[in-house]
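J.: One structure follows; several queries about it will come next.
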Amino acid sequence: MAKEYPDIAFEACVVDTFAMKMLMNPADYDVVVTTNMFGDILSDEAAGLVGGLGMAPGLCVGPEYCMAQATHGSAPDIAGKNIANPYAMIMSGQMLLSWLANLKGDANGIRAATDVENALCRILAEKTSVTPDLGGTASTQEMGRAVCRALLKHTV
């Protein structure tokens with residue numbers, strides 16, 4: 001495949017070496033292609049570069065289908081406490097909407113995906129309705145509602 005895209009740098013690397021390189025120079029990598037198992041491990045590791053699993057949305061993209069999921073961990077220490085950061089789940093849905101809207105050439109869908117991203121960015125910048133892992137006191141539901149309010153405020 002790399003031969004069909006000579007303007008894109010290609011590097012083959014064993015997973016343990018890549019893990020080190022990714023952590024030392026994360027800006028060197030825009031796209032990483034791996035098997036499912038290695039992708040799962042590396043995405044969890046990379047989440048540490050952006051603040052943890054709650055800040056790591058995920059999108060599994062194929063030629064015809066796409067699946068969104070937040071980079072995951074079981075987090076039994078916070079289960080049922082309503083303090084999980086909803087960012088990764090919301091952004092995973094946003095990325096899926098953006099992928100589908102772009103695939104279909106749907107301008108309204110593309111705009112909606114952009115609106116969701118902008119609303120989330122506003123909530124993170126204001127820091128008034130964020131979960132404890134982000135330095136706030138908001139619950140999962142409170143942060144989710146704040147994102148909805150920000151979305152409605154700027155799209156109506």
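How things are named: the first chain in the structure tokens is A, the next is B, and so on; residues count from 1 in each chain; ligands count from 1 in the order shown.
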Per DSSP on the backbone, filter chain A down to the residues in helix (DSSP H, G or I) and report them as a PyMOL selection string.
T.: chain A and resi 2-4+15-24+26-28+36-47+53-55+87-104+107-126+132-134+140-155
J.: Please provide as number ranges by chain all residues within 12 Å of A:Glu64, with the sequence filter that same-chain residues fewer than 3 positions apart are discarded (counting only C-alpha atoms).
T.: A: 60-61, 67, 99-100, 103-104
J.: Write the selection just made, keeping C-alpha atoms, as a PDB file, in the first residue's frame?
T.:
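Here's the written file part.pdb:
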ATOM      1  CA  CYS A  60     -11.703   1.924  13.718  1.00  0.00           C
ATOM      2  CA  VAL A  61     -11.924   2.666  10.006  1.00  0.00           C
ATOM      3  CA  MET A  67     -16.765   1.703  14.369  1.00  0.00           C
ATOM      4  CA  TRP A  99     -16.589  10.048   8.907  1.00  0.00           C
ATOM      5  CA  LEU A 100     -20.107   9.189   7.759  1.00  0.00           C
ATOM      6  CA  LEU A 103     -18.355   9.694   3.128  1.00  0.00           C
ATOM      7  CA  LYS A 104     -21.851  10.751   2.063  1.00  0.00           C
TER       8      LYS A 104
END
J.: Rank nothing, just name the residue among A:Val14, A:Ala107, A:Leu23, A:Met95 nearest to A:Phe38, using only C-alpha atoms.
T.: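 Among the listed residues, A:Val14 lies closest to A:Phe38.
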J.: Atom CA of A:Ala56 and atom CA of A:Asn118, how far apart in Å?
T.: 16.6 Å
J.: Name all residues at most 10 Å from A:Lys127 (count only C-alpha atoms; drop same-chain ones fewer than 4 positions away) and give them as a count of residues only.
T.: 10
J.: What is the distance between atom CA of A:Gly93 and atom CA of A:Asn108, in Å to one decimal?
T.: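 These atoms are spaced 15.7 Å apart.
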J.: Compile a residue-level contact table for stretch 36-57 of chain A against stretch 75-81 of chain A at a cut-off of 12 Å, reporting for every qualifying residue the shortest atom pair and its distance in Å to one decimal, with only C-alpha atoms counted, rows ordered by chain and ascending number, as JSON lines.
T.:
{"residue": "A:Gly52", "atom": "CA", "partner": "A:Ala75", "partner_atom": "CA", "distance": 11.4}
{"residue": "A:Leu53", "atom": "CA", "partner": "A:Ala75", "partner_atom": "CA", "distance": 9.5}
{"residue": "A:Gly54", "atom": "CA", "partner": "A:Ala75", "partner_atom": "CA", "distance": 10.3}
J.: Next, write the just-selected residues to a file, as a short mmCIF file (atom, residue, chain, number, x, y, z; two decimals), in the first residue's frame, keeping C-alpha atoms as the atom set.
T.:
data_model
loop_
_atom_site.label_atom_id
_atom_site.label_comp_id
_atom_site.auth_asym_id
_atom_site.auth_seq_id
_atom_site.Cartn_x
_atom_site.Cartn_y
_atom_site.Cartn_z
CA GLY A 52 -5.58 9.35 30.21
CA LEU A 53 -8.23 7.05 28.81
CA GLY A 54 -11.00 9.60 29.33
#
J.: Within chain A, find each residue whose DSSP state, derived from the backbone, is strand (DSSP E), and express the selection as a list in words.
T.: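 Of chain A, the ones in strand (DSSP E) are Pro57, Gly58, Leu59, Cys60, Val61, Cys66, Met67, Ala68, Gln69 and Ala70 of chain A.
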J.: Can I get the selected residues back with N, CA, C and O atoms, as a PDB file, in the first residue's frame?
T.:
ATOM      1  N   PRO A  57     -10.474   9.348  22.395  1.00  0.00           N
ATOM      2  CA  PRO A  57     -11.516   8.770  21.550  1.00  0.00           C
ATOM      3  C   PRO A  57     -10.903   7.778  20.574  1.00  0.00           C
ATOM      4  O   PRO A  57      -9.697   7.792  20.345  1.00  0.00           O
ATOM      5  N   GLY A  58     -11.740   6.921  20.011  1.00  0.00           N
ATOM      6  CA  GLY A  58     -11.227   5.932  19.075  1.00  0.00           C
ATOM      7  C   GLY A  58     -12.153   5.735  17.894  1.00  0.00           C
ATOM      8  O   GLY A  58     -13.376   5.814  18.023  1.00  0.00           O
ATOM      9  N   LEU A  59     -11.550   5.471  16.743  1.00  0.00           N
ATOM     10  CA  LEU A  59     -12.300   5.208  15.527  1.00  0.00           C
ATOM     11  C   LEU A  59     -11.569   4.112  14.766  1.00  0.00           C
ATOM     12  O   LEU A  59     -10.385   4.245  14.474  1.00  0.00           O
ATOM     13  N   CYS A  60     -12.254   3.030  14.506  1.00  0.00           N
ATOM     14  CA  CYS A  60     -11.703   1.924  13.718  1.00  0.00           C
ATOM     15  C   CYS A  60     -12.301   2.050  12.325  1.00  0.00           C
ATOM     16  O   CYS A  60     -13.506   1.903  12.149  1.00  0.00           O
ATOM     17  N   VAL A  61     -11.451   2.335  11.340  1.00  0.00           N
ATOM     18  CA  VAL A  61     -11.924   2.666  10.006  1.00  0.00           C
ATOM     19  C   VAL A  61     -11.497   1.602   9.005  1.00  0.00           C
ATOM     20  O   VAL A  61     -10.334   1.210   8.964  1.00  0.00           O
ATOM     21  N   CYS A  66     -17.106   1.612   9.611  1.00  0.00           N
ATOM     22  CA  CYS A  66     -16.379   2.329  10.644  1.00  0.00           C
ATOM     23  C   CYS A  66     -17.037   2.019  11.981  1.00  0.00           C
ATOM     24  O   CYS A  66     -18.259   1.832  12.052  1.00  0.00           O
ATOM     25  N   MET A  67     -16.239   1.948  13.032  1.00  0.00           N
ATOM     26  CA  MET A  67     -16.765   1.703  14.369  1.00  0.00           C
ATOM     27  C   MET A  67     -16.120   2.689  15.331  1.00  0.00           C
ATOM     28  O   MET A  67     -14.904   2.869  15.316  1.00  0.00           O
ATOM     29  N   ALA A  68     -16.921   3.335  16.139  1.00  0.00           N
ATOM     30  CA  ALA A  68     -16.411   4.284  17.124  1.00  0.00           C
ATOM     31  C   ALA A  68     -16.472   3.654  18.506  1.00  0.00           C
ATOM     32  O   ALA A  68     -17.420   2.949  18.840  1.00  0.00           O
ATOM     33  N   GLN A  69     -15.425   3.904  19.270  1.00  0.00           N
ATOM     34  CA  GLN A  69     -15.434   3.489  20.679  1.00  0.00           C
ATOM     35  C   GLN A  69     -14.396   4.323  21.411  1.00  0.00           C
ATOM     36  O   GLN A  69     -13.376   4.697  20.848  1.00  0.00           O
ATOM     37  N   ALA A  70     -14.684   4.615  22.638  1.00  0.00           N
ATOM     38  CA  ALA A  70     -13.684   5.278  23.453  1.00  0.00           C
ATOM     39  C   ALA A  70     -12.579   4.272  23.746  1.00  0.00           C
ATOM     40  O   ALA A  70     -12.849   3.087  23.910  1.00  0.00           O
TER      41      ALA A  70
END
J.: If we count only C-alpha atoms and set the cut-off at 12 Å, which residues sit around A:Thr155, ignoring sequence neighbours fewer than 2 positions away in its own chain? Please answer as a VMD selection string.
T.: chain A and resid 108 111 to 116 118 to 119 148 to 153
J.: Can you spit out the residues from that selection as a CSV table (one decimal), in the first residue's frame, using all heavy atoms?
T.:
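Heads up, here's the output in selection.csv:
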chain,number,residue,atom,x,y,z
A,108,ASN,N,-24.6,19.1,6.1
A,108,ASN,CA,-25.3,19.3,7.4
A,108,ASN,C,-24.6,18.4,8.5
A,108,ASN,O,-24.4,18.8,9.6
A,108,ASN,CB,-26.8,19.0,7.4
A,108,ASN,CG,-27.5,20.1,6.6
A,108,ASN,OD1,-27.1,21.3,6.6
A,108,ASN,ND2,-28.6,19.8,6.0
A,111,ARG,N,-21.2,19.8,9.4
A,111,ARG,CA,-21.4,20.9,10.2
A,111,ARG,C,-21.7,20.5,11.6
A,111,ARG,O,-21.2,21.0,12.6
A,111,ARG,CB,-22.4,21.9,9.7
A,111,ARG,CG,-22.5,23.2,10.4
A,111,ARG,CD,-23.4,24.3,9.6
A,111,ARG,NE,-24.5,23.8,8.9
A,111,ARG,CZ,-24.5,23.6,7.5
A,111,ARG,NH1,-23.5,23.8,6.8
A,111,ARG,NH2,-25.6,23.1,6.9
A,112,ALA,N,-22.6,19.5,11.7
A,112,ALA,CA,-23.0,19.0,13.1
A,112,ALA,C,-21.8,18.4,13.8
A,112,ALA,O,-21.6,18.6,15.0
A,112,ALA,CB,-24.1,17.9,12.9
A,113,ALA,N,-21.0,17.6,13.1
A,113,ALA,CA,-19.8,17.1,13.7
A,113,ALA,C,-18.9,18.2,14.2
A,113,ALA,O,-18.3,18.1,15.3
A,113,ALA,CB,-19.1,16.2,12.7
A,114,THR,N,-18.7,19.2,13.4
A,114,THR,CA,-17.9,20.3,13.8
A,114,THR,C,-18.5,21.0,15.0
A,114,THR,O,-17.7,21.4,16.0
A,114,THR,CB,-17.7,21.3,12.7
A,114,THR,OG1,-17.1,20.7,11.6
A,114,THR,CG2,-16.9,22.5,13.0
A,115,ASP,N,-19.8,21.2,15.1
A,115,ASP,CA,-20.4,21.8,16.2
A,115,ASP,C,-20.2,21.0,17.5
A,115,ASP,O,-20.0,21.6,18.6
A,115,ASP,CB,-22.0,22.0,15.9
A,115,ASP,CG,-22.3,23.0,14.9
A,115,ASP,OD1,-21.4,23.8,14.5
A,115,ASP,OD2,-23.4,23.0,14.4
A,116,VAL,N,-20.3,19.7,17.4
A,116,VAL,CA,-20.1,18.9,18.6
A,116,VAL,C,-18.6,19.1,19.1
A,116,VAL,O,-18.4,19.3,20.3
A,116,VAL,CB,-20.4,17.4,18.3
A,116,VAL,CG1,-19.9,16.5,19.5
A,116,VAL,CG2,-21.8,17.2,18.0
A,118,ASN,N,-16.6,21.6,18.6
A,118,ASN,CA,-16.5,23.0,19.2
A,118,ASN,C,-17.1,23.1,20.5
A,118,ASN,O,-16.6,23.8,21.4
A,118,ASN,CB,-17.1,24.0,18.2
A,118,ASN,CG,-16.3,24.2,16.9
A,118,ASN,OD1,-15.1,23.8,16.9
A,118,ASN,ND2,-16.9,24.7,15.9
A,119,ALA,N,-18.3,22.5,20.8
A,119,ALA,CA,-18.9,22.5,22.1
A,119,ALA,C,-18.0,21.9,23.1
A,119,ALA,O,-17.9,22.4,24.2
A,119,ALA,CB,-20.3,21.8,22.0
A,148,CYS,N,-24.1,19.6,26.0
A,148,CYS,CA,-25.3,19.8,25.3
A,148,CYS,C,-25.7,21.2,25.3
A,148,CYS,O,-26.2,21.7,24.2
A,148,CYS,CB,-26.4,18.9,25.9
A,148,CYS,SG,-26.2,17.1,25.6
A,149,ARG,N,-25.6,21.9,26.4
A,149,ARG,CA,-26.0,23.3,26.5
A,149,ARG,C,-25.1,24.1,25.6
A,149,ARG,O,-25.6,25.0,24.9
A,149,ARG,CB,-25.9,23.8,27.9
A,149,ARG,CG,-27.0,23.4,28.8
A,149,ARG,CD,-27.1,24.1,30.2
A,149,ARG,NE,-25.9,24.0,30.9
A,149,ARG,CZ,-25.6,22.9,31.8
A,149,ARG,NH1,-26.5,22.0,32.0
A,149,ARG,NH2,-24.5,22.9,32.4
A,150,ALA,N,-23.8,23.8,25.6
A,150,ALA,CA,-22.9,24.6,24.7
A,150,ALA,C,-23.2,24.4,23.2
A,150,ALA,O,-23.1,25.3,22.4
A,150,ALA,CB,-21.4,24.2,25.0
A,151,LEU,N,-23.6,23.2,22.9
A,151,LEU,CA,-24.0,22.8,21.5
A,151,LEU,C,-25.2,23.6,21.1
A,151,LEU,O,-25.3,24.2,20.1
A,151,LEU,CB,-24.2,21.3,21.4
A,151,LEU,CG,-24.5,20.8,20.1
A,151,LEU,CD1,-23.4,21.1,19.1
A,151,LEU,CD2,-24.6,19.2,20.1
A,152,LEU,N,-26.2,23.6,22.0
A,152,LEU,CA,-27.5,24.3,21.7
A,152,LEU,C,-27.3,25.8,21.6
A,152,LEU,O,-27.8,26.4,20.7
A,152,LEU,CB,-28.5,23.9,22.7
A,152,LEU,CG,-29.1,22.5,22.7
A,152,LEU,CD1,-30.0,22.2,23.9
A,152,LEU,CD2,-29.8,22.3,21.4
A,153,LYS,N,-26.5,26.3,22.5
A,153,LYS,CA,-26.2,27.8,22.5
A,153,LYS,C,-25.6,28.3,21.3
A,153,LYS,O,-25.9,29.4,20.8
A,153,LYS,CB,-25.3,28.1,23.7
A,153,LYS,CG,-25.1,29.5,23.9
A,153,LYS,CD,-24.2,29.7,25.2
A,153,LYS,CE,-23.9,31.2,25.4
A,153,LYS,NZ,-23.1,31.4,26.6
